[in-house]
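As provided, protein.tsv (TSV, N, CA and C atoms) reads as follows.
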```tsv
chain	number	residue	atom	x	y	z
A	273	MET	N	-7.67	9.66	11.23
A	273	MET	CA	-7.09	10.08	12.49
A	273	MET	C	-5.59	9.88	12.40
A	274	HIS	N	-4.87	10.87	12.86
A	274	HIS	CA	-3.41	10.80	12.85
A	274	HIS	C	-2.89	11.59	14.05
A	275	ASN	N	-2.30	10.90	14.98
A	275	ASN	CA	-1.72	11.54	16.16
A	275	ASN	C	-0.23	11.79	15.96
A	276	PHE	N	0.25	12.84	16.59
A	276	PHE	CA	1.67	13.14	16.54
A	276	PHE	C	2.40	12.65	17.78
A	277	GLU	N	1.64	12.17	18.76
A	277	GLU	CA	2.22	11.57	19.95
A	277	GLU	C	1.31	10.44	20.42
A	278	PHE	N	1.86	9.55	21.21
A	278	PHE	CA	1.08	8.41	21.70
A	278	PHE	C	-0.02	8.91	22.64
A	279	GLN	N	-1.25	8.54	22.31
A	279	GLN	CA	-2.40	8.89	23.15
A	279	GLN	C	-3.36	7.72	23.16
A	280	GLN	N	-3.87	7.40	24.34
A	280	GLN	CA	-4.85	6.34	24.44
A	280	GLN	C	-6.24	6.93	24.60
A	281	SER	N	-7.22	6.25	24.03
A	281	SER	CA	-8.62	6.65	24.16
A	281	SER	C	-9.10	6.28	25.56
A	282	PRO	N	-10.27	6.77	25.97
A	282	PRO	CA	-10.83	6.35	27.26
A	282	PRO	C	-11.05	4.84	27.35
A	283	ASP	N	-11.15	4.17	26.19
A	283	ASP	CA	-11.33	2.72	26.17
A	283	ASP	C	-10.00	1.97	26.30
A	284	GLY	N	-8.89	2.70	26.34
A	284	GLY	CA	-7.59	2.07	26.53
A	284	GLY	C	-6.85	1.70	25.26
A	285	TRP	N	-7.32	2.16	24.12
A	285	TRP	CA	-6.66	1.88	22.85
A	285	TRP	C	-5.90	3.11	22.37
A	286	GLU	N	-4.76	2.87	21.73
A	286	GLU	CA	-4.05	3.95	21.07
A	286	GLU	C	-5.05	4.55	20.07
A	287	GLN	N	-5.12	5.87	20.01
A	287	GLN	CA	-6.22	6.52	19.29
A	287	GLN	C	-6.25	6.24	17.79
A	288	ASP	N	-5.11	6.11	17.13
A	288	ASP	CA	-5.13	5.76	15.70
A	288	ASP	C	-5.77	4.39	15.51
A	289	ILE	N	-5.42	3.43	16.35
A	289	ILE	CA	-6.01	2.10	16.27
A	289	ILE	C	-7.50	2.16	16.59
A	290	GLN	N	-7.88	2.90	17.61
A	290	GLN	CA	-9.29	3.02	18.01
A	290	GLN	C	-10.14	3.54	16.85
A	291	VAL	N	-9.69	4.64	16.23
A	291	VAL	CA	-10.50	5.29	15.19
A	291	VAL	C	-10.36	4.59	13.83
A	292	ASN	N	-9.12	4.37	13.40
A	292	ASN	CA	-8.88	3.89	12.04
A	292	ASN	C	-9.10	2.39	11.86
A	293	VAL	N	-9.04	1.62	12.94
A	293	VAL	CA	-9.18	0.17	12.81
A	293	VAL	C	-10.47	-0.31	13.49
A	294	LEU	N	-10.52	-0.18	14.80
A	294	LEU	CA	-11.62	-0.78	15.56
A	294	LEU	C	-12.97	-0.13	15.27
A	295	SER	N	-13.05	1.18	15.44
A	295	SER	CA	-14.34	1.86	15.26
A	295	SER	C	-14.84	1.76	13.82
A	296	THR	N	-13.93	1.88	12.87
A	296	THR	CA	-14.33	1.83	11.46
A	296	THR	C	-14.81	0.43	11.09
A	297	THR	N	-14.12	-0.60	11.56
A	297	THR	CA	-14.54	-1.97	11.28
A	297	THR	C	-15.88	-2.28	11.95
A	298	ILE	N	-16.05	-1.84	13.19
A	298	ILE	CA	-17.32	-2.06	13.88
A	298	ILE	C	-18.46	-1.34	13.17
A	299	LEU	N	-18.21	-0.12	12.71
A	299	LEU	CA	-19.23	0.60	11.95
A	299	LEU	C	-19.63	-0.20	10.70
A	300	GLY	N	-18.65	-0.74	10.01
A	300	GLY	CA	-18.94	-1.57	8.84
A	300	GLY	C	-19.78	-2.78	9.20
A	301	LEU	N	-19.44	-3.45	10.28
A	301	LEU	CA	-20.22	-4.62	10.73
A	301	LEU	C	-21.66	-4.23	11.05
A	302	LEU	N	-21.84	-3.08	11.68
A	302	LEU	CA	-23.19	-2.63	12.03
A	302	LEU	C	-24.00	-2.22	10.80
A	303	MET	N	-23.33	-1.83	9.72
A	303	MET	CA	-24.04	-1.41	8.52
A	303	MET	C	-24.46	-2.57	7.62
A	304	ILE	N	-23.85	-3.73	7.78
A	304	ILE	CA	-24.16	-4.87	6.90
A	304	ILE	C	-25.63	-5.26	6.93
A	305	PRO	N	-26.28	-5.40	8.10
A	305	PRO	CA	-27.72	-5.74	8.06
A	305	PRO	C	-28.55	-4.68	7.35
A	306	TRP	N	-28.21	-3.42	7.51
A	306	TRP	CA	-28.94	-2.34	6.84
A	306	TRP	C	-28.75	-2.43	5.32
A	307	LEU	N	-27.52	-2.70	4.88
A	307	LEU	CA	-27.28	-2.83	3.44
A	307	LEU	C	-28.11	-3.97	2.84
A	308	ARG	N	-28.24	-5.05	3.59
A	308	ARG	CA	-29.07	-6.17	3.11
A	308	ARG	C	-30.55	-5.80	3.09
A	309	GLU	N	-30.96	-5.01	4.06
A	309	GLU	CA	-32.36	-4.61	4.17
A	309	GLU	C	-32.78	-3.68	3.03
A	310	ILE	N	-31.91	-2.79	2.61
A	310	ILE	CA	-32.29	-1.81	1.59
A	310	ILE	C	-31.99	-2.28	0.17
A	311	LYS	N	-31.51	-3.51	0.04
A	311	LYS	CA	-31.15	-4.04	-1.28
A	311	LYS	C	-32.35	-3.97	-2.23
A	312	GLN	N	-32.06	-3.50	-3.44
A	312	GLN	CA	-33.09	-3.40	-4.48
A	312	GLN	C	-32.62	-4.19	-5.70
A	313	PRO	N	-33.56	-4.83	-6.41
A	313	PRO	CA	-33.18	-5.60	-7.60
A	313	PRO	C	-32.44	-4.73	-8.62
A	314	GLY	N	-31.35	-5.25	-9.13
A	314	GLY	CA	-30.59	-4.55	-10.15
A	314	GLY	C	-29.68	-3.45	-9.64
A	315	ARG	N	-29.64	-3.25	-8.34
A	315	ARG	CA	-28.78	-2.20	-7.76
A	315	ARG	C	-27.80	-2.83	-6.79
A	316	VAL	N	-26.62	-2.26	-6.74
A	316	VAL	CA	-25.59	-2.77	-5.84
A	316	VAL	C	-25.26	-1.70	-4.81
A	317	GLN	N	-25.33	-2.08	-3.54
A	317	GLN	CA	-24.95	-1.16	-2.47
A	317	GLN	C	-23.43	-1.19	-2.31
A	318	HIS	N	-22.88	-0.06	-1.89
A	318	HIS	CA	-21.44	0.05	-1.68
A	318	HIS	C	-21.18	0.46	-0.24
A	319	LEU	N	-20.24	-0.21	0.37
A	319	LEU	CA	-19.76	0.13	1.70
A	319	LEU	C	-18.33	0.62	1.52
A	320	GLY	N	-18.16	1.94	1.43
A	320	GLY	CA	-16.85	2.51	1.14
A	320	GLY	C	-16.22	3.15	2.37
A	321	PHE	N	-14.92	3.01	2.47
A	321	PHE	CA	-14.18	3.56	3.61
A	321	PHE	C	-13.01	4.39	3.10
A	322	VAL	N	-12.56	5.32	3.92
A	322	VAL	CA	-11.39	6.12	3.59
A	322	VAL	C	-10.15	5.33	3.98
A	323	GLY	N	-9.36	5.01	2.97
A	323	GLY	CA	-8.10	4.32	3.21
A	323	GLY	C	-6.95	5.30	3.05
A	324	SER	N	-5.77	4.78	2.84
A	324	SER	CA	-4.59	5.63	2.63
A	324	SER	C	-3.54	4.79	1.94
A	325	SER	N	-2.84	5.42	1.00
A	325	SER	CA	-1.75	4.70	0.34
A	325	SER	C	-0.60	4.43	1.30
A	326	SER	N	-0.63	5.04	2.47
A	326	SER	CA	0.44	4.80	3.45
A	326	SER	C	0.39	3.37	3.98
A	327	HIS	N	-0.70	2.65	3.71
A	327	HIS	CA	-0.77	1.27	4.19
A	327	HIS	C	0.27	0.37	3.51
A	328	TYR	N	0.89	0.87	2.44
A	328	TYR	CA	1.96	0.10	1.78
A	328	TYR	C	3.28	0.15	2.54
A	329	PHE	N	3.47	1.12	3.42
A	329	PHE	CA	4.78	1.37	4.03
A	329	PHE	C	5.21	0.41	5.15
A	330	PRO	N	4.30	-0.03	6.04
A	330	PRO	CA	4.79	-0.88	7.13
A	330	PRO	C	5.37	-2.21	6.64
A	331	ASP	N	6.40	-2.66	7.31
A	331	ASP	CA	7.04	-3.94	6.99
A	331	ASP	C	6.39	-5.02	7.87
A	332	ILE	N	5.48	-5.79	7.28
A	332	ILE	CA	4.74	-6.77	8.08
A	332	ILE	C	5.63	-7.91	8.57
A	333	LEU	N	6.82	-8.05	8.01
A	333	LEU	CA	7.73	-9.08	8.49
A	333	LEU	C	8.21	-8.78	9.91
A	334	THR	N	8.09	-7.52	10.33
A	334	THR	CA	8.49	-7.15	11.69
A	334	THR	C	7.32	-7.25	12.68
A	335	PHE	N	6.13	-7.55	12.19
A	335	PHE	CA	4.95	-7.64	13.06
A	335	PHE	C	5.02	-8.93	13.88
A	336	PRO	N	4.45	-8.91	15.09
A	336	PRO	CA	4.38	-10.16	15.86
A	336	PRO	C	3.45	-11.14	15.17
A	337	LYS	N	3.65	-12.42	15.40
A	337	LYS	CA	2.82	-13.46	14.77
A	337	LYS	C	1.41	-13.49	15.36
A	338	GLN	N	1.26	-13.06	16.59
A	338	GLN	CA	-0.04	-13.02	17.26
A	338	GLN	C	-0.14	-11.71	18.06
A	339	GLY	N	-1.37	-11.30	18.33
A	339	GLY	CA	-1.59	-10.14	19.18
A	339	GLY	C	-1.12	-8.83	18.56
A	340	VAL	N	-1.35	-8.65	17.26
A	340	VAL	CA	-0.86	-7.46	16.56
A	340	VAL	C	-1.49	-6.19	17.12
A	341	LEU	N	-2.80	-6.20	17.35
A	341	LEU	CA	-3.46	-5.00	17.90
A	341	LEU	C	-2.90	-4.64	19.28
A	342	GLN	N	-2.77	-5.63	20.13
A	342	GLN	CA	-2.23	-5.37	21.47
A	342	GLN	C	-0.78	-4.89	21.41
A	343	HIS	N	-0.02	-5.43	20.48
A	343	HIS	CA	1.38	-5.02	20.32
A	343	HIS	C	1.48	-3.53	20.02
A	344	PHE	N	0.73	-3.08	19.00
A	344	PHE	CA	0.80	-1.68	18.60
A	344	PHE	C	-0.01	-0.76	19.51
A	345	ASN	N	-0.70	-1.33	20.46
A	345	ASN	CA	-1.42	-0.55	21.45
A	345	ASN	C	-0.51	-0.14	22.61
A	346	GLN	N	0.69	-0.64	22.65
A	346	GLN	CA	1.63	-0.36	23.73
A	346	GLN	C	2.57	0.79	23.33
A	347	GLN	N	2.77	1.69	24.26
A	347	GLN	CA	3.58	2.88	23.98
A	347	GLN	C	5.00	2.54	23.54
A	348	GLU	N	5.57	1.48	24.07
A	348	GLU	CA	6.95	1.14	23.70
A	348	GLU	C	7.08	0.68	22.24
A	349	HIS	N	5.95	0.37	21.59
A	349	HIS	CA	5.98	-0.02	20.17
A	349	HIS	C	5.48	1.10	19.26
A	350	TRP	N	5.27	2.26	19.84
A	350	TRP	CA	4.81	3.43	19.08
A	350	TRP	C	6.05	4.16	18.57
A	351	ALA	N	6.24	4.17	17.25
A	351	ALA	CA	7.46	4.75	16.69
A	351	ALA	C	7.31	6.23	16.39
A	352	SER	N	6.26	6.59	15.66
A	352	SER	CA	6.00	7.99	15.31
A	352	SER	C	4.56	8.08	14.83
A	353	GLY	N	4.07	9.30	14.72
A	353	GLY	CA	2.70	9.48	14.27
A	353	GLY	C	2.46	8.93	12.88
A	354	LEU	N	3.34	9.24	11.95
A	354	LEU	CA	3.17	8.77	10.58
A	354	LEU	C	3.29	7.25	10.50
A	355	HIS	N	4.25	6.69	11.21
A	355	HIS	CA	4.45	5.23	11.19
A	355	HIS	C	3.21	4.52	11.74
A	356	ASN	N	2.70	4.98	12.88
A	356	ASN	CA	1.54	4.31	13.45
A	356	ASN	C	0.27	4.55	12.64
A	357	TYR	N	0.17	5.71	12.02
A	357	TYR	CA	-0.96	5.96	11.12
A	357	TYR	C	-0.95	4.93	9.99
A	358	ALA	N	0.22	4.72	9.39
A	358	ALA	CA	0.34	3.75	8.30
A	358	ALA	C	-0.02	2.34	8.77
A	359	ILE	N	0.43	1.98	9.97
A	359	ILE	CA	0.08	0.67	10.52
A	359	ILE	C	-1.42	0.56	10.72
A	360	SER	N	-2.04	1.61	11.25
A	360	SER	CA	-3.49	1.56	11.49
A	360	SER	C	-4.25	1.43	10.17
A	361	LYS	N	-3.79	2.09	9.12
A	361	LYS	CA	-4.46	1.98	7.83
A	361	LYS	C	-4.26	0.59	7.22
A	362	LEU	N	-3.09	0.00	7.42
A	362	LEU	CA	-2.86	-1.37	6.96
A	362	LEU	C	-3.76	-2.35	7.71
A	363	LEU	N	-3.83	-2.20	9.02
A	363	LEU	CA	-4.68	-3.09	9.81
A	363	LEU	C	-6.14	-2.93	9.42
A	364	PHE	N	-6.56	-1.70	9.10
A	364	PHE	CA	-7.93	-1.55	8.65
A	364	PHE	C	-8.16	-2.25	7.32
A	365	HIS	N	-7.16	-2.23	6.42
A	365	HIS	CA	-7.32	-2.92	5.14
A	365	HIS	C	-7.60	-4.41	5.37
A	366	TYR	N	-6.95	-4.99	6.36
A	366	TYR	CA	-7.26	-6.39	6.69
A	366	TYR	C	-8.72	-6.50	7.16
A	367	GLY	N	-9.16	-5.54	7.96
A	367	GLY	CA	-10.56	-5.52	8.39
A	367	GLY	C	-11.51	-5.38	7.22
A	368	ALA	N	-11.17	-4.51	6.27
A	368	ALA	CA	-12.02	-4.31	5.09
A	368	ALA	C	-12.11	-5.58	4.26
A	369	LEU	N	-11.01	-6.32	4.18
A	369	LEU	CA	-11.05	-7.60	3.46
A	369	LEU	C	-12.00	-8.59	4.14
A	370	GLN	N	-11.99	-8.58	5.46
A	370	GLN	CA	-12.91	-9.47	6.19
A	370	GLN	C	-14.36	-9.03	5.99
A	371	LEU	N	-14.61	-7.73	5.97
A	371	LEU	CA	-15.96	-7.23	5.71
A	371	LEU	C	-16.41	-7.64	4.31
A	372	ALA	N	-15.51	-7.61	3.35
A	372	ALA	CA	-15.86	-8.01	1.98
A	372	ALA	C	-16.27	-9.48	1.93
A	373	LYS	N	-15.65	-10.31	2.74
A	373	LYS	CA	-16.03	-11.73	2.78
A	373	LYS	C	-17.46	-11.90	3.29
A	374	LEU	N	-17.90	-10.99	4.15
A	374	LEU	CA	-19.26	-11.07	4.69
A	374	LEU	C	-20.31	-10.63	3.67
A	375	ALA	N	-19.87	-10.06	2.55
A	375	ALA	CA	-20.79	-9.59	1.52
A	375	ALA	C	-21.28	-10.72	0.62
A	376	VAL	N	-20.70	-11.89	0.74
A	376	VAL	CA	-21.05	-13.02	-0.12
A	376	VAL	C	-22.20	-13.80	0.51
A	377	ASP	N	-23.26	-14.03	-0.28
A	377	ASP	CA	-24.41	-14.79	0.24
A	377	ASP	C	-24.16	-16.30	0.13
A	378	ASP	N	-25.14	-17.09	0.51
A	378	ASP	CA	-25.00	-18.55	0.50
A	378	ASP	C	-24.79	-19.12	-0.89
A	379	ASP	N	-25.22	-18.39	-1.93
A	379	ASP	CA	-25.05	-18.84	-3.31
A	379	ASP	C	-23.74	-18.36	-3.92
A	380	GLY	N	-22.91	-17.68	-3.13
A	380	GLY	CA	-21.63	-17.18	-3.63
A	380	GLY	C	-21.71	-15.87	-4.38
A	381	LYS	N	-22.85	-15.19	-4.30
A	381	LYS	CA	-23.02	-13.91	-4.98
A	381	LYS	C	-22.81	-12.77	-3.99
A	382	TYR	N	-22.28	-11.66	-4.51
A	382	TYR	CA	-22.06	-10.50	-3.65
A	382	TYR	C	-23.36	-9.75	-3.42
A	383	GLU	N	-23.68	-9.51	-2.14
A	383	GLU	CA	-24.87	-8.74	-1.79
A	383	GLU	C	-24.59	-7.24	-1.80
A	384	PHE	N	-23.35	-6.87	-1.57
A	384	PHE	CA	-22.91	-5.48	-1.60
A	384	PHE	C	-21.41	-5.47	-1.83
A	385	LEU	N	-20.87	-4.32	-2.15
A	385	LEU	CA	-19.43	-4.18	-2.36
A	385	LEU	C	-18.83	-3.43	-1.19
A	386	SER	N	-17.73	-3.93	-0.68
A	386	SER	CA	-17.01	-3.28	0.41
A	386	SER	C	-15.61	-2.94	-0.10
A	387	HIS	N	-15.20	-1.67	0.08
A	387	HIS	CA	-13.90	-1.26	-0.42
A	387	HIS	C	-13.36	-0.09	0.38
A	388	ALA	N	-12.04	0.02	0.37
A	388	ALA	CA	-11.36	1.15	1.00
A	388	ALA	C	-10.72	1.99	-0.11
A	389	HIS	N	-10.99	3.27	-0.10
A	389	HIS	CA	-10.46	4.19	-1.10
A	389	HIS	C	-9.18	4.83	-0.58
A	390	SER	N	-8.19	4.91	-1.43
A	390	SER	CA	-6.98	5.64	-1.08
A	390	SER	C	-7.12	7.05	-1.64
A	391	ASN	N	-6.65	8.02	-0.89
A	391	ASN	CA	-6.74	9.40	-1.37
A	391	ASN	C	-5.95	9.62	-2.65
A	392	LEU	N	-4.98	8.79	-2.94
A	392	LEU	CA	-4.20	8.95	-4.16
A	392	LEU	C	-4.85	8.26	-5.36
A	393	THR	N	-5.86	7.42	-5.12
A	393	THR	CA	-6.49	6.71	-6.23
A	393	THR	C	-7.85	7.29	-6.59
A	394	CYS	N	-8.26	8.35	-5.93
A	394	CYS	CA	-9.54	8.98	-6.22
A	394	CYS	C	-9.35	10.05	-7.29
A	395	ILE	N	-10.27	10.10	-8.23
A	395	ILE	CA	-10.25	11.10	-9.28
A	395	ILE	C	-11.41	12.06	-9.03
A	396	SER	N	-11.13	13.34	-9.07
A	396	SER	CA	-12.15	14.33	-8.80
A	396	SER	C	-11.93	15.56	-9.68
A	397	SER	N	-13.01	16.24	-9.98
A	397	SER	CA	-12.88	17.49	-10.72
A	397	SER	C	-12.72	18.67	-9.75
A	398	HIS	N	-12.75	18.37	-8.45
A	398	HIS	CA	-12.58	19.40	-7.43
A	398	HIS	C	-11.16	19.93	-7.47
A	399	GLN	N	-11.00	21.23	-7.47
A	399	GLN	CA	-9.67	21.82	-7.50
A	399	GLN	C	-9.27	22.23	-6.08
A	400	TYR	N	-8.06	21.86	-5.71
A	400	TYR	CA	-7.53	22.21	-4.39
A	400	TYR	C	-6.65	23.44	-4.52
A	401	GLY	N	-6.58	24.21	-3.42
A	401	GLY	CA	-5.63	25.31	-3.43
A	401	GLY	C	-6.22	26.60	-3.35
```

Just give me the structure as structure tokens.
Amino acid sequence: MHNFEFQQSPDGWEQDIQVNVLSTTILGLLMIPWLREIKQPGRVQHLGFVGSSSHYFPDILTFPKQGVLQHFNQQEHWASGLHNYAISKLLFHYGALQLAKLAVDDDGKYEFLSHAHSNLTCISSHQYG
């Protein structure tokens, strides 16, 4: 999701944050019990998400120390569509890291793999154009 102007969802969240951070992280949380349920010996389940290399661009030194989601949910902190998209993808990466921590069982073994793919790091034989 990438907006060109500040827009809030019916739930009151800036739409990039709603889609790219909150909804995606919640979907991941809801899928964890299912991934554990379908686990088969010798096979590893993957929980993959669409990331973006733009998550490298935001300067986290300018972020508030607390209330980051609420900060970027306010119109006065909305700089541009591309800037907020990059922030939302960075914030989701933090969410993906937390989801990955939930993949570890009591014995310290991974029950599934959680990762975010960047469009620039994917290799495909598909030709564009």

Using DSSP assignments from the backbone, pull out every residue in chain A that falls under helix (DSSP H, G or I) and give it to me as a compact mmCIF listing (two decimals) with N, CA and C atoms, in the coordinates of the input.
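Written out: states10.txt:
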```txt
# COMPACT_ATOMS: atom_id res chain seq x y z
N GLN A 287 -5.12 5.87 20.01
CA GLN A 287 -6.22 6.52 19.29
C GLN A 287 -6.25 6.24 17.79
N ASP A 288 -5.11 6.11 17.13
CA ASP A 288 -5.13 5.76 15.70
C ASP A 288 -5.77 4.39 15.51
N ILE A 289 -5.42 3.43 16.35
CA ILE A 289 -6.01 2.10 16.27
C ILE A 289 -7.50 2.16 16.59
N GLN A 290 -7.88 2.90 17.61
CA GLN A 290 -9.29 3.02 18.01
C GLN A 290 -10.14 3.54 16.85
N VAL A 291 -9.69 4.64 16.23
CA VAL A 291 -10.50 5.29 15.19
C VAL A 291 -10.36 4.59 13.83
N ASN A 292 -9.12 4.37 13.40
CA ASN A 292 -8.88 3.89 12.04
C ASN A 292 -9.10 2.39 11.86
N VAL A 293 -9.04 1.62 12.94
CA VAL A 293 -9.18 0.17 12.81
C VAL A 293 -10.47 -0.31 13.49
N LEU A 294 -10.52 -0.18 14.80
CA LEU A 294 -11.62 -0.78 15.56
C LEU A 294 -12.97 -0.13 15.27
N SER A 295 -13.05 1.18 15.44
CA SER A 295 -14.34 1.86 15.26
C SER A 295 -14.84 1.76 13.82
N THR A 296 -13.93 1.88 12.87
CA THR A 296 -14.33 1.83 11.46
C THR A 296 -14.81 0.43 11.09
N THR A 297 -14.12 -0.60 11.56
CA THR A 297 -14.54 -1.97 11.28
C THR A 297 -15.88 -2.28 11.95
N ILE A 298 -16.05 -1.84 13.19
CA ILE A 298 -17.32 -2.06 13.88
C ILE A 298 -18.46 -1.34 13.17
N LEU A 299 -18.21 -0.12 12.71
CA LEU A 299 -19.23 0.60 11.95
C LEU A 299 -19.63 -0.20 10.70
N GLY A 300 -18.65 -0.74 10.01
CA GLY A 300 -18.94 -1.57 8.84
C GLY A 300 -19.78 -2.78 9.20
N LEU A 301 -19.44 -3.45 10.28
CA LEU A 301 -20.22 -4.62 10.73
C LEU A 301 -21.66 -4.23 11.05
N LEU A 302 -21.84 -3.08 11.68
CA LEU A 302 -23.19 -2.63 12.03
C LEU A 302 -24.00 -2.22 10.80
N MET A 303 -23.33 -1.83 9.72
CA MET A 303 -24.04 -1.41 8.52
C MET A 303 -24.46 -2.57 7.62
N ILE A 304 -23.85 -3.73 7.78
CA ILE A 304 -24.16 -4.87 6.90
C ILE A 304 -25.63 -5.26 6.93
N PRO A 305 -26.28 -5.40 8.10
CA PRO A 305 -27.72 -5.74 8.06
C PRO A 305 -28.55 -4.68 7.35
N TRP A 306 -28.21 -3.42 7.51
CA TRP A 306 -28.94 -2.34 6.84
C TRP A 306 -28.75 -2.43 5.32
N LEU A 307 -27.52 -2.70 4.88
CA LEU A 307 -27.28 -2.83 3.44
C LEU A 307 -28.11 -3.97 2.84
N ARG A 308 -28.24 -5.05 3.59
CA ARG A 308 -29.07 -6.17 3.11
C ARG A 308 -30.55 -5.80 3.09
N GLU A 309 -30.96 -5.01 4.06
CA GLU A 309 -32.36 -4.61 4.17
C GLU A 309 -32.78 -3.68 3.03
N SER A 325 -2.84 5.42 1.00
CA SER A 325 -1.75 4.70 0.34
C SER A 325 -0.60 4.43 1.30
N SER A 326 -0.63 5.04 2.47
CA SER A 326 0.44 4.80 3.45
C SER A 326 0.39 3.37 3.98
N HIS A 327 -0.70 2.65 3.71
CA HIS A 327 -0.77 1.27 4.19
C HIS A 327 0.27 0.37 3.51
N TYR A 328 0.89 0.87 2.44
CA TYR A 328 1.96 0.10 1.78
C TYR A 328 3.28 0.15 2.54
N ILE A 332 5.48 -5.79 7.28
CA ILE A 332 4.74 -6.77 8.08
C ILE A 332 5.63 -7.91 8.57
N LEU A 333 6.82 -8.05 8.01
CA LEU A 333 7.73 -9.08 8.49
C LEU A 333 8.21 -8.78 9.91
N THR A 334 8.09 -7.52 10.33
CA THR A 334 8.49 -7.15 11.69
C THR A 334 7.32 -7.25 12.68
N VAL A 340 -1.35 -8.65 17.26
CA VAL A 340 -0.86 -7.46 16.56
C VAL A 340 -1.49 -6.19 17.12
N LEU A 341 -2.80 -6.20 17.35
CA LEU A 341 -3.46 -5.00 17.90
C LEU A 341 -2.90 -4.64 19.28
N GLN A 342 -2.77 -5.63 20.13
CA GLN A 342 -2.23 -5.37 21.47
C GLN A 342 -0.78 -4.89 21.41
N HIS A 343 -0.02 -5.43 20.48
CA HIS A 343 1.38 -5.02 20.32
C HIS A 343 1.48 -3.53 20.02
N PHE A 344 0.73 -3.08 19.00
CA PHE A 344 0.80 -1.68 18.60
C PHE A 344 -0.01 -0.76 19.51
N GLN A 347 2.77 1.69 24.26
CA GLN A 347 3.58 2.88 23.98
C GLN A 347 5.00 2.54 23.54
N GLU A 348 5.57 1.48 24.07
CA GLU A 348 6.95 1.14 23.70
C GLU A 348 7.08 0.68 22.24
N HIS A 349 5.95 0.37 21.59
CA HIS A 349 5.98 -0.02 20.17
C HIS A 349 5.48 1.10 19.26
N GLY A 353 4.07 9.30 14.72
CA GLY A 353 2.70 9.48 14.27
C GLY A 353 2.46 8.93 12.88
N LEU A 354 3.34 9.24 11.95
CA LEU A 354 3.17 8.77 10.58
C LEU A 354 3.29 7.25 10.50
N HIS A 355 4.25 6.69 11.21
CA HIS A 355 4.45 5.23 11.19
C HIS A 355 3.21 4.52 11.74
N ASN A 356 2.70 4.98 12.88
CA ASN A 356 1.54 4.31 13.45
C ASN A 356 0.27 4.55 12.64
N TYR A 357 0.17 5.71 12.02
CA TYR A 357 -0.96 5.96 11.12
C TYR A 357 -0.95 4.93 9.99
N ALA A 358 0.22 4.72 9.39
CA ALA A 358 0.34 3.75 8.30
C ALA A 358 -0.02 2.34 8.77
N ILE A 359 0.43 1.98 9.97
CA ILE A 359 0.08 0.67 10.52
C ILE A 359 -1.42 0.56 10.72
N SER A 360 -2.04 1.61 11.25
CA SER A 360 -3.49 1.56 11.49
C SER A 360 -4.25 1.43 10.17
N LYS A 361 -3.79 2.09 9.12
CA LYS A 361 -4.46 1.98 7.83
C LYS A 361 -4.26 0.59 7.22
N LEU A 362 -3.09 0.00 7.42
CA LEU A 362 -2.86 -1.37 6.96
C LEU A 362 -3.76 -2.35 7.71
N LEU A 363 -3.83 -2.20 9.02
CA LEU A 363 -4.68 -3.09 9.81
C LEU A 363 -6.14 -2.93 9.42
N PHE A 364 -6.56 -1.70 9.10
CA PHE A 364 -7.93 -1.55 8.65
C PHE A 364 -8.16 -2.25 7.32
N HIS A 365 -7.16 -2.23 6.42
CA HIS A 365 -7.32 -2.92 5.14
C HIS A 365 -7.60 -4.41 5.37
N TYR A 366 -6.95 -4.99 6.36
CA TYR A 366 -7.26 -6.39 6.69
C TYR A 366 -8.72 -6.50 7.16
N GLY A 367 -9.16 -5.54 7.96
CA GLY A 367 -10.56 -5.52 8.39
C GLY A 367 -11.51 -5.38 7.22
N ALA A 368 -11.17 -4.51 6.27
CA ALA A 368 -12.02 -4.31 5.09
C ALA A 368 -12.11 -5.58 4.26
N LEU A 369 -11.01 -6.32 4.18
CA LEU A 369 -11.05 -7.60 3.46
C LEU A 369 -12.00 -8.59 4.14
N GLN A 370 -11.99 -8.58 5.46
CA GLN A 370 -12.91 -9.47 6.19
C GLN A 370 -14.36 -9.03 5.99
N LEU A 371 -14.61 -7.73 5.97
CA LEU A 371 -15.96 -7.23 5.71
C LEU A 371 -16.41 -7.64 4.31
N ALA A 372 -15.51 -7.61 3.35
CA ALA A 372 -15.86 -8.01 1.98
C ALA A 372 -16.27 -9.48 1.93
N LYS A 373 -15.65 -10.31 2.74
CA LYS A 373 -16.03 -11.73 2.78
C LYS A 373 -17.46 -11.90 3.29
```

**Among listed residues A:Ile332, A:Met303, A:Ala351, A:Ile359, nearest His318 (chain A) (using only C-alpha atoms)** =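 Closest to His318 (chain A) of all the choices is A:Met303.
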
**Request:** List every residue of chain A that DSSP, applied to the backbone, labels as strand (DSSP E or B), and write the result as a list of chain:residue names.
**Result:**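 The strand (DSSP E or B) residues within chain A come out as A:Gln280, A:Glu286, A:Gln317, A:His318, A:Leu319, A:Gly320, A:Phe321, A:Val322, A:Val376, A:Tyr382, A:Phe384, A:Leu385, A:Ser386, A:His387, A:Ala388, A:His389.
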
Within 8 Å of region 366-386 of chain A, which residues of region 284-308 of chain A come that close, and what is the closest atom pair and distance in Å for each? Count all atoms listed in the file and give it as JSON lines.
```
{"residue": "A:Val293", "atom": "C", "partner": "A:Gly367", "partner_atom": "CA", "distance": 7.3}
{"residue": "A:Thr296", "atom": "C", "partner": "A:Gly367", "partner_atom": "C", "distance": 7.7}
{"residue": "A:Thr297", "atom": "CA", "partner": "A:Gly367", "partner_atom": "CA", "distance": 6.1}
{"residue": "A:Gly300", "atom": "C", "partner": "A:Leu371", "partner_atom": "CA", "distance": 6.8}
{"residue": "A:Leu301", "atom": "N", "partner": "A:Leu371", "partner_atom": "CA", "distance": 6.9}
{"residue": "A:Ile304", "atom": "CA", "partner": "A:Leu374", "partner_atom": "C", "distance": 7.6}
{"residue": "A:Leu307", "atom": "C", "partner": "A:Glu383", "partner_atom": "C", "distance": 6.7}
{"residue": "A:Arg308", "atom": "CA", "partner": "A:Glu383", "partner_atom": "C", "distance": 6.7}
```

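Each of A:Gln287, A:His274, A:Leu362, A:Ser295 was checked against Phe329 (chain A) using only N, CA and C atoms; the smallest atom-to-atom distance is that of A:Leu362.
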
**Request:** State, in Å with one decimal place, the distance from atom N of Ile289 (chain A) to CA of Trp306 (chain A).
**Result:**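 It comes out at 26.0 Å.
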